[in-house]
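Presented below is the structure to which this report refers.
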Amino acid sequence: MKREIFGPPGGRRRAWGPGLTLVLLAMALVLAGCVVTGGGGSSPLLAARPPAAHEALVTVFVQLAEENGGEAWLRLSSAALVGEVAVVPLAGGSRELGAAQIGSGQRFLARGAVAAAEYRFLRLGLEKAALLRGGKKIILALDQPVLDLPLPGDFQLQPGESRTLIVSWDDKASLARESRFTAQMRVLAPKKPLLADLAYVSCPDIDTLYLVNTDRNRVSASLAIAGGPSHMAYSAARKRLYVLSEQQGAITVVETATNRIVDQFKIPMTISPSYFMSPHGNWGYIVDEGGNNLIRMDLDQGSMANRVRLGYHPRHLVWHGATNQLILSSALDQKIYFLDPESLETRETLLVGSSPDGLLVDDDFLYVAEQGANNVGIFDLQSHQLVKRVAVGLAPRRLLKNNNTLYVSNYRSSSVSLLLVRQQRVARTVSVGSAPLEMAASEQSKWLYVAAQDDGVLSVIDQTSNRLAATIELGSRPADLLVID
């Protein structure tokens, strides 16, 4: 039996020869494939391309040998991988690096899909160096305009692989000779990431998961996941990471102890799987927004248990353990569906504000990100009556709670609203990267991570001060975040 409950409404000329035209066209295509500037972010958002079947993806980050940055400043002109017979340029290698700005963090440097082969060096082109003092640049002579950094071990790239290189820069030693700059850099040997204090970040445009150490907010490694990896779920009991590959319509299973893919299974009868969650790691639920379907999958067997058609453009799904039910938002019919977790039968529906998206349940209240109305609607779970609507930023998309604070990612105003739960009011708004969507929190480190899609970064908010603390550059659009404390 189901019943429908209605809440209150929310309410710009020259003739070029053909040869020159072709040259200009070719140059435009090359430039188009190099860098696309993000919406106001500090990192270039590179044009995305996953590796082809015979290629591997390589990403380069730079960090300081010591955490406290000094006065060194460097402009790089290029980055490339050097093999036995070829030098392969990487996109994005032209960057300015200030040691003081890097500090204890890290900067994205370059990335490229390259032929799977053995490579010996990472070659960096150095254009200019300076001493930053009193707000002025004192230009220094460059000892080495081209720097070849040996790659660790036998650096053999396999087809379809995604590898991360970390360059350590001793900025103080680079300034040891007066009026000269002698670059002191090396590529670090890879370390096996610890399962604790770790965040996985999916970047579907390049078929990659980046692994971020949450204690220092640095990318440490990467893992290739084919088919546009997006939303993730984790089973602590099985030590398994489940990743939705939207383009393939599949779930990829990763053994987190080794970061090895151990299984992949197709999701049958889907048009555009757009969201995935699993409350406990045994059953997975896939929202098929394009097909208006919800699918229940057995994650142990890799098989579909059942599938129902409901709503118009279903968006977000949460699990409410206290009442043993799923709660789903549907954008176009402006409804919330309360569902049986086994049969997926609709128990009740609730009419809410314009274009509902993200959901959160806390105590006896349901919080709804009403994207079209720029509100968070608060509903009593027992009576399904509207308690209050709180105005936030533009196009709220996701909700996350910590203590008495509800964090709201505002997709079109590049901000996160901090809503005090008990007072039911916005206390502060924090500016973050452009197009923030998914959020995840580290209970251990007290960080809140916000995936800013248009800038290709993670904005890091300190939950103790509720201020922006760091930015983690990825150079690609992050889709989802999952923290393992």
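As shown in the structure tokens, the chain order sets the letters A, B, ...; within each chain, residues go from 1, and ligands are also counted from 1 in the order they appear.
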
Please produce, as a tab-separated table, a per-residue contact table for range 246-277 of chain A versus range 296-312 of chain A (criterion: any atom at most 8 Å away, only C-alpha atoms considered), showing the nearest atom pair and its distance in Å to one decimal, sorted by chain then residue number.
residue	atom	partner	partner_atom	distance
A:Gln264	CA	A:Gly302	CA	7.9
A:Phe265	CA	A:Gly302	CA	5.6
A:Lys266	CA	A:Gly302	CA	7.7
A:Ile267	CA	A:Met304	CA	7.2
A:Pro268	CA	A:Met304	CA	7.2

Please report, as JSON lines, each residue of range 179-260 of chain A lying at most 12 Å from range 100-124 of chain A, together with the nearest pair of atoms and the separation in Å rounded to one decimal; use only C-alpha atoms, and order rows by chain and ascending residue number.
{"residue": "A:Ala183", "atom": "CA", "partner": "A:Leu124", "partner_atom": "CA", "distance": 10.4}
{"residue": "A:Gln184", "atom": "CA", "partner": "A:Leu124", "partner_atom": "CA", "distance": 12.0}
{"residue": "A:Met185", "atom": "CA", "partner": "A:Leu124", "partner_atom": "CA", "distance": 10.0}
{"residue": "A:Arg186", "atom": "CA", "partner": "A:Leu122", "partner_atom": "CA", "distance": 9.3}
{"residue": "A:Val187", "atom": "CA", "partner": "A:Leu122", "partner_atom": "CA", "distance": 8.0}
{"residue": "A:Leu188", "atom": "CA", "partner": "A:Leu122", "partner_atom": "CA", "distance": 11.5}
{"residue": "A:Ile206", "atom": "CA", "partner": "A:Ala113", "partner_atom": "CA", "distance": 9.1}
{"residue": "A:Asp207", "atom": "CA", "partner": "A:Ala113", "partner_atom": "CA", "distance": 11.1}
{"residue": "A:Thr208", "atom": "CA", "partner": "A:Ala113", "partner_atom": "CA", "distance": 11.8}
{"residue": "A:Val212", "atom": "CA", "partner": "A:Gln106", "partner_atom": "CA", "distance": 11.0}
{"residue": "A:Asn213", "atom": "CA", "partner": "A:Gly105", "partner_atom": "CA", "distance": 11.0}
{"residue": "A:Thr214", "atom": "CA", "partner": "A:Gly105", "partner_atom": "CA", "distance": 11.2}
{"residue": "A:Asp215", "atom": "CA", "partner": "A:Gly105", "partner_atom": "CA", "distance": 10.8}
{"residue": "A:Arg216", "atom": "CA", "partner": "A:Gly105", "partner_atom": "CA", "distance": 7.1}
{"residue": "A:Asn217", "atom": "CA", "partner": "A:Gly105", "partner_atom": "CA", "distance": 6.6}
{"residue": "A:Arg218", "atom": "CA", "partner": "A:Gln106", "partner_atom": "CA", "distance": 6.0}
{"residue": "A:Val219", "atom": "CA", "partner": "A:Gln106", "partner_atom": "CA", "distance": 7.8}
{"residue": "A:Ser220", "atom": "CA", "partner": "A:Gln106", "partner_atom": "CA", "distance": 10.3}

What gap, in Å, lies between CA of Leu151 in chain A and CA of Ala130 in chain A? 26.7 Å

Given only C-alpha atoms as the counted atoms, nearest of A:Glu246, A:Asp364, A:Asp288, A:Glu178 to His313 in chain A: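 Comparing A:Glu246, A:Asp364, A:Asp288, A:Glu178 against His313 in chain A, the winner is A:Asp288.
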
Residues near Ala199 in chain A, cut-off 9 Å, only C-alpha atoms, skip fewer than 3 positions along chain, as a PyMOL selection string: chain A and resi 195-196+210-214+440+442+481-485

Excluding Arg240 in chain A and residues on its chain fewer than 6 positions from it, collect all residues at most 9 Å away from it, counting only C-alpha atoms, and give them as a ChimeraX atom specification. /A:233-234,253-257,281
